[in-house]
file model.tsv (TSV, C-alpha atoms and all ligand atoms)
chain	number	residue	atom	x	y	z
A	1379	MET	CA	4.54	108.37	189.04
A	1380	LEU	CA	3.11	107.20	185.75
A	1381	ASP	CA	1.27	103.88	185.75
A	1382	THR	CA	1.31	102.76	182.10
A	1383	ALA	CA	-1.65	100.35	182.38
A	1384	VAL	CA	-4.65	101.96	180.65
A	1385	ARG	CA	-7.52	102.71	183.05
A	1386	PHE	CA	-11.21	102.36	182.23
A	1387	GLY	CA	-14.34	102.91	184.28
A	1388	ALA	CA	-16.23	99.73	183.39
A	1389	GLY	CA	-16.67	97.52	186.43
A	1390	LEU	CA	-15.04	100.10	188.72
A	1391	LEU	CA	-17.50	102.96	188.88
A	1392	PRO	CA	-20.69	102.71	190.96
A	1393	PRO	CA	-23.96	102.19	189.06
A	1394	ARG	CA	-25.35	105.24	187.27
A	1395	THR	CA	-22.10	107.26	187.57
A	1396	LEU	CA	-20.12	108.88	184.77
A	1397	CYS	CA	-16.76	110.65	184.42
A	1398	LEU	CA	-16.88	113.30	181.70
A	1399	THR	CA	-13.72	113.75	179.61
A	1400	PHE	CA	-13.06	116.07	176.66
A	1401	ASP	CA	-10.22	115.62	174.17
A	1402	ASP	CA	-8.32	117.63	171.57
A	1403	GLY	CA	-8.78	121.18	172.91
A	1404	PRO	CA	-8.39	123.84	173.90
A	1405	GLY	CA	-10.31	125.87	171.37
A	1406	ALA	CA	-12.21	129.15	171.25
A	1407	THR	CA	-14.67	130.66	168.78
A	1408	LEU	CA	-15.90	134.24	168.54
A	1409	GLY	CA	-19.60	134.95	168.07
A	1410	LEU	CA	-22.48	132.54	167.81
A	1411	GLY	CA	-22.71	129.22	166.01
A	1412	ARG	CA	-20.51	126.18	165.65
A	1413	GLY	CA	-16.90	125.95	166.78
A	1414	PRO	CA	-14.82	124.91	169.81
A	1415	ARG	CA	-15.61	126.69	173.10
A	1416	THR	CA	-13.48	125.04	175.76
A	1417	LEU	CA	-13.67	127.74	178.41
A	1418	ASP	CA	-17.46	128.19	178.07
A	1419	LEU	CA	-17.86	124.44	178.40
A	1420	ALA	CA	-15.62	124.35	181.48
A	1421	GLU	CA	-17.62	127.22	183.01
A	1422	TYR	CA	-20.95	125.50	182.38
A	1423	LEU	CA	-19.72	122.25	183.95
A	1424	ALA	CA	-18.35	124.13	186.98
A	1425	GLU	CA	-21.74	125.85	187.42
A	1426	GLN	CA	-23.29	122.39	187.38
A	1427	GLY	CA	-20.87	121.16	190.06
A	1428	ILE	CA	-19.29	118.69	187.63
A	1429	GLU	CA	-15.52	118.07	187.71
A	1430	ALA	CA	-14.47	117.11	184.19
A	1431	THR	CA	-11.12	116.27	182.62
A	1432	PHE	CA	-9.79	118.04	179.52
A	1433	PHE	CA	-7.05	116.18	177.61
A	1434	MET	CA	-5.33	118.96	175.68
A	1435	CYS	CA	-2.98	118.98	172.69
A	1436	GLY	CA	0.19	121.08	172.74
A	1437	LYS	CA	-0.41	122.62	169.31
A	1438	HIS	CA	-3.78	123.94	170.55
A	1439	ILE	CA	-2.37	125.09	173.89
A	1440	GLU	CA	0.05	127.29	171.92
A	1441	GLN	CA	-2.95	128.97	170.24
A	1442	HIS	CA	-4.87	129.41	173.52
A	1443	PRO	CA	-2.15	129.54	176.18
A	1444	ASP	CA	-4.31	130.90	179.01
A	1445	VAL	CA	-7.08	128.30	178.76
A	1446	PRO	CA	-5.42	125.35	180.55
A	1447	ARG	CA	-4.92	127.35	183.74
A	1448	GLN	CA	-8.42	128.85	183.51
A	1449	VAL	CA	-9.91	125.36	183.14
A	1450	LEU	CA	-7.87	124.18	186.12
A	1451	ASP	CA	-9.01	127.17	188.21
A	1452	LEU	CA	-12.64	126.21	187.49
A	1453	GLY	CA	-11.99	122.97	189.37
A	1454	HIS	CA	-11.39	120.65	186.42
A	1455	THR	CA	-8.43	118.41	185.64
A	1456	VAL	CA	-6.14	119.15	182.69
A	1457	GLY	CA	-4.45	116.22	180.99
A	1458	ASN	CA	-1.83	115.63	178.28
A	1459	HIS	CA	-3.11	114.45	174.88
A	1460	THR	CA	0.28	114.85	173.08
A	1461	TYR	CA	1.49	117.78	171.00
A	1462	GLU	CA	0.48	117.02	167.41
A	1463	HIS	CA	-2.11	114.25	167.99
A	1464	ARG	CA	-0.18	111.72	165.91
A	1465	LEU	CA	-0.73	107.97	165.97
A	1466	LEU	CA	1.80	106.89	168.62
A	1467	PRO	CA	2.36	103.32	167.29
A	1468	SER	CA	3.56	104.87	164.02
A	1469	LEU	CA	6.28	106.93	165.77
A	1470	SER	CA	9.78	106.09	167.00
A	1471	ASP	CA	10.43	105.90	170.75
A	1472	ASP	CA	12.06	109.35	170.66
A	1473	GLU	CA	9.15	110.84	168.72
A	1474	VAL	CA	6.65	109.41	171.21
A	1475	ARG	CA	8.56	110.91	174.12
A	1476	HIS	CA	8.79	114.27	172.33
A	1477	GLU	CA	5.02	114.32	171.70
A	1478	ILE	CA	4.38	113.84	175.42
A	1479	ARG	CA	7.22	115.91	176.90
A	1480	SER	CA	6.61	119.03	174.82
A	1481	THR	CA	2.96	119.23	175.89
A	1482	ARG	CA	3.84	118.57	179.52
A	1483	GLU	CA	6.37	121.42	179.38
A	1484	LEU	CA	3.81	123.79	177.84
A	1485	LEU	CA	1.32	122.94	180.59
A	1486	ALA	CA	3.94	123.36	183.33
A	1487	ARG	CA	4.86	126.80	181.96
A	1488	ARG	CA	1.16	127.72	182.18
A	1489	GLY	CA	0.84	126.66	185.80
A	1490	VAL	CA	-0.52	123.15	185.23
A	1491	SER	CA	1.89	120.88	187.04
A	1492	GLY	CA	1.96	117.98	189.45
A	1493	ALA	CA	1.26	114.49	188.15
A	1494	ILE	CA	-1.08	114.96	185.19
A	1495	PRO	CA	-3.21	112.31	183.46
A	1496	PHE	CA	-2.45	111.17	179.92
A	1497	ARG	CA	-4.59	109.91	177.06
A	1498	ALA	CA	-3.17	108.66	173.76
A	1499	PRO	CA	-4.60	109.96	170.46
A	1500	TRP	CA	-7.39	107.57	169.34
A	1501	GLY	CA	-6.55	105.55	172.49
A	1502	GLU	CA	-3.71	103.84	170.58
A	1503	TRP	CA	-1.31	102.57	173.26
A	1504	ASP	CA	0.76	99.38	173.39
A	1505	ASP	CA	3.60	97.70	175.28
A	1506	ARG	CA	6.33	99.22	173.08
A	1507	ILE	CA	5.02	102.75	173.75
A	1508	ALA	CA	4.65	102.01	177.46
A	1509	ALA	CA	8.30	100.87	177.59
A	1510	ALA	CA	9.51	103.93	175.65
A	1511	VAL	CA	7.68	106.24	178.03
A	1512	SER	CA	8.75	104.33	181.16
A	1513	ALA	CA	12.40	104.91	180.20
A	1514	ASP	CA	11.92	108.68	180.45
A	1515	THR	CA	12.21	109.78	184.08
A	1516	GLU	CA	10.75	113.22	183.42
A	1517	ILE	CA	7.59	111.78	181.81
A	1518	VAL	CA	7.21	109.15	184.53
A	1519	GLU	CA	7.48	111.71	187.33
A	1520	SER	CA	5.19	114.30	185.77
A	1521	HIS	CA	2.23	112.05	184.84
A	1522	SER	CA	-0.19	109.98	186.88
A	1523	ALA	CA	-1.83	107.38	184.64
A	1524	VAL	CA	-3.04	106.55	181.14
A	1525	TYR	CA	-6.81	106.78	180.66
A	1526	GLY	CA	-9.06	105.17	178.11
A	1527	TRP	CA	-12.84	105.53	177.89
A	1528	ASP	CA	-15.99	103.38	177.99
A	1529	ILE	CA	-18.74	105.53	176.48
A	1530	ASP	CA	-18.12	107.03	173.04
A	1531	ALA	CA	-21.10	107.93	170.86
A	1532	GLU	CA	-18.71	109.52	168.33
A	1533	ASP	CA	-19.54	113.18	168.75
A	1534	TRP	CA	-16.87	113.99	166.14
A	1535	GLU	CA	-19.03	112.36	163.48
A	1536	CYS	CA	-21.94	114.63	164.43
A	1537	TRP	CA	-19.70	117.65	163.90
A	1538	ASP	CA	-18.27	116.24	160.68
A	1539	GLN	CA	-21.79	115.66	159.34
A	1540	GLN	CA	-23.15	119.01	160.63
A	1541	ARG	CA	-25.70	117.18	162.80
A	1542	SER	CA	-27.53	118.96	165.61
A	1543	ALA	CA	-26.46	119.18	169.24
A	1544	GLN	CA	-29.68	117.32	170.14
A	1545	HIS	CA	-28.75	114.43	167.84
A	1546	CYS	CA	-25.38	114.14	169.60
A	1547	ALA	CA	-26.86	114.45	173.11
A	1548	ASP	CA	-29.47	111.78	172.33
A	1549	ALA	CA	-26.77	109.38	171.13
A	1550	TYR	CA	-24.73	109.83	174.34
A	1551	LEU	CA	-27.82	109.46	176.53
A	1552	ALA	CA	-28.77	106.19	174.82
A	1553	LEU	CA	-25.25	104.76	175.21
A	1554	ALA	CA	-24.96	105.88	178.85
A	1555	LYS	CA	-28.29	104.17	179.65
A	1556	GLU	CA	-27.13	101.01	177.89
A	1557	LEU	CA	-23.72	100.82	179.63
A	1558	ASP	CA	-24.93	102.30	182.96
A	1559	SER	CA	-21.57	103.72	184.08
A	1560	GLY	CA	-18.18	104.63	182.67
A	1561	VAL	CA	-15.73	107.20	181.39
A	1562	VAL	CA	-17.39	109.33	178.71
A	1563	LEU	CA	-15.35	110.54	175.71
A	1564	MET	CA	-16.33	113.77	173.96
A	1565	HIS	CA	-14.32	116.37	172.03
A	1566	ASP	CA	-14.21	120.09	172.84
A	1567	SER	CA	-12.20	120.52	169.63
A	1568	THR	CA	-10.56	118.32	166.99
A	1569	ALA	CA	-6.81	117.87	166.60
A	1570	ASP	CA	-6.90	115.45	163.66
A	1571	PRO	CA	-4.76	116.61	160.74
A	1572	GLY	CA	-5.98	117.66	157.30
A	1573	LEU	CA	-9.35	118.69	155.94
A	1574	PRO	CA	-11.46	116.21	157.97
A	1575	GLY	CA	-9.97	117.70	161.16
A	1576	VAL	CA	-10.70	121.25	160.01
A	1577	ARG	CA	-14.28	120.25	159.15
A	1578	MET	CA	-14.91	118.51	162.48
A	1579	ARG	CA	-13.41	121.40	164.43
A	1580	ALA	CA	-15.51	123.99	162.61
A	1581	GLY	CA	-18.67	121.90	163.10
A	1582	ASN	CA	-18.19	121.42	166.85
A	1583	LEU	CA	-21.28	121.89	169.03
A	1584	SER	CA	-19.98	120.20	172.19
A	1585	LEU	CA	-21.03	123.07	174.47
A	1586	ASP	CA	-24.62	122.96	173.20
A	1587	ALA	CA	-24.68	119.15	173.31
A	1588	VAL	CA	-23.41	119.02	176.90
A	1589	ARG	CA	-25.94	121.65	177.99
A	1590	LEU	CA	-28.67	119.36	176.63
A	1591	LEU	CA	-27.10	116.13	177.84
A	1592	VAL	CA	-26.38	116.94	181.50
A	1593	PRO	CA	-30.04	117.62	182.45
A	1594	MET	CA	-31.18	114.56	180.47
A	1595	LEU	CA	-28.66	112.35	182.29
A	1596	ARG	CA	-29.67	113.76	185.67
A	1597	ALA	CA	-33.32	113.08	184.88
A	1598	GLU	CA	-32.32	109.42	184.32
A	1599	GLY	CA	-30.61	109.27	187.71
A	1600	PHE	CA	-26.99	109.66	186.63
A	1601	THR	CA	-24.43	111.47	188.78
A	1602	PHE	CA	-20.94	112.67	187.88
A	1603	LEU	CA	-17.57	111.79	189.39
A	1604	PRO	CA	-14.06	113.11	188.68
A	1605	LEU	CA	-11.86	110.87	186.54
A	1606	SER	CA	-9.84	109.97	189.65
A	1607	ALA	CA	-12.81	107.78	190.63
A	1608	VAL	CA	-11.34	105.07	188.36
A	1609	ASP	CA	-7.95	105.16	190.13
A	1610	PRO	CA	-7.04	102.32	192.51
A	1611	ALA	CA	-7.92	103.13	196.13
B	1701	ZN	ZN	-7.84	113.00	170.41
call {"tool": "encode", "arguments": {"input": "model.tsv", "output": "structure tokens"}}
result
Amino acid sequence: MLDTAVRFGAGLLPPRTLCLTFDDGPGATLGLGRGPRTLDLAEYLAEQGIEATFFMCGKHIEQHPDVPRQVLDLGHTVGNHTYEHRLLPSLSDDEVRHEIRSTRELLARRGVSGAIPFRAPWGEWDDRIAAAVSADTEIVESHSAVYGWDIDAEDWECWDQQRSAQHCADAYLALAKELDSGVVLMHDSTADPGLPGVRMRAGNLSLDAVRLLVPMLRAEGFTFLPLSAVDPA
């Protein structure tokens, strides 16, 4: 049953613990170089014994329909990040519900069911949207909670500016050390519309950045928890 209060990790997670979350995928890229690599990222995290959460967009699930189930089978959680990645406060109640329902249906058809977590595009969520969603029995019964984030070093800007994976990893390490614990936001792809979105998606180095970041975090004493660690006991 969907709880429409947005959940964060700050003040809830034990010291030096992080929940890794990745938005806007799934994506896949052939060959070497920049570009989204959701499944490779999920495999690396599974090898590391880290349970992450991937908030996926319906329009990207349609392009990579097998990836949600593969990510789930690697032990991760798959969440709903709407279909088109539109700004929910700018939409009508019906449009908001359609953005959420269509992605939930795509995931269910691909074997991702049960109560799934939700994250709004750009974290934009308010009382009007919560009421619109609460009025939809299907959405309420098929989702668990709405999740925000605490630690965001803006990886998307690194990809937009063609910065290195090391630059991105260093920025996340510094912010994690400063905030000590929390839900980490990164992007395994980009669902933003228009040319900026295309540029950020093509410049993505999240796999390389995470491969650098995880050992650096462990060396600083951080451990990793699933996103459910921020749920009420
Ligand atoms: Zn997003």
call {"tool": "closest_atom_pairs", "arguments": {"input": "model.tsv", "of": "region 1453-1518 of chain A", "to": "region 1431-1447 of chain A", "cutoff": "12 Å", "atoms": "only C-alpha atoms", "output": "tab-separated table"}}
result
residue	atom	partner	partner_atom	distance
A:Gly1453	CA	A:Thr1431	CA	9.6
A:His1454	CA	A:Thr1431	CA	5.8
A:Thr1455	CA	A:Thr1431	CA	4.6
A:Val1456	CA	A:Phe1432	CA	5.0
A:Gly1457	CA	A:Phe1433	CA	4.3
A:Asn1458	CA	A:Phe1433	CA	5.3
A:His1459	CA	A:Cys1435	CA	5.0
A:Thr1460	CA	A:Cys1435	CA	5.3
A:Tyr1461	CA	A:Gly1436	CA	4.0
A:Glu1462	CA	A:Lys1437	CA	6.0
A:His1463	CA	A:Cys1435	CA	6.7
A:Arg1464	CA	A:Cys1435	CA	10.3
A:His1476	CA	A:Gly1436	CA	11.0
A:Glu1477	CA	A:Gly1436	CA	8.4
A:Ile1478	CA	A:Gly1436	CA	8.8
A:Arg1479	CA	A:Gly1436	CA	9.7
A:Ser1480	CA	A:Gly1436	CA	7.1
A:Thr1481	CA	A:Gly1436	CA	4.6
A:Arg1482	CA	A:Gly1436	CA	8.1
A:Glu1483	CA	A:Gly1436	CA	9.1
A:Leu1484	CA	A:Gly1436	CA	6.8
A:Leu1485	CA	A:Pro1446	CA	7.2
A:Ala1486	CA	A:Arg1447	CA	9.7
A:Arg1487	CA	A:Pro1443	CA	9.5
A:Arg1488	CA	A:Arg1447	CA	6.3
A:Gly1489	CA	A:Arg1447	CA	6.2
A:Val1490	CA	A:Arg1447	CA	6.3
A:Ser1491	CA	A:Arg1447	CA	10.0
A:Ile1494	CA	A:Phe1433	CA	9.7
A:Pro1495	CA	A:Phe1433	CA	8.0
A:Phe1496	CA	A:Phe1433	CA	7.2
A:Arg1497	CA	A:Phe1433	CA	6.8
A:Ala1498	CA	A:Phe1433	CA	9.3
A:Pro1499	CA	A:Cys1435	CA	9.4
A:Trp1500	CA	A:Phe1433	CA	11.9
A:Gly1501	CA	A:Phe1433	CA	11.8
call {"tool": "closest_residue", "arguments": {"input": "model.tsv", "among": "A:Gln1448, A:Ser1606, A:Thr1568, A:Ser1542", "to": "Glu1421 (chain A)", "atoms": "only C-alpha atoms"}}
result
A:Gln1448
call {"tool": "atom_distance", "arguments": {"input": "model.tsv", "atom1": "CA of Glu1425 (chain A)", "atom2": "CA of Trp1534 (chain A)"}}
result
24.8 Å
call {"tool": "closest_residue", "arguments": {"input": "model.tsv", "among": "A:Ser1584, A:Ala1569, A:Arg1385, A:Ala1493", "to": "Ser1522 (chain A)", "atoms": "only C-alpha atoms"}}
result
A:Ala1493
call {"tool": "closest_residue", "arguments": {"input": "model.tsv", "among": "A:Ala1547, A:Ala1611, A:Ala1424, A:Leu1417", "to": "Ala1531 (chain A)", "atoms": "all atoms listed in the file"}}
result
A:Ala1547
call {"tool": "atom_distance", "arguments": {"input": "model.tsv", "atom1": "CA of Trp1503 (chain A)", "atom2": "CA of Asp1570 (chain A)"}}
result
17.0 Å
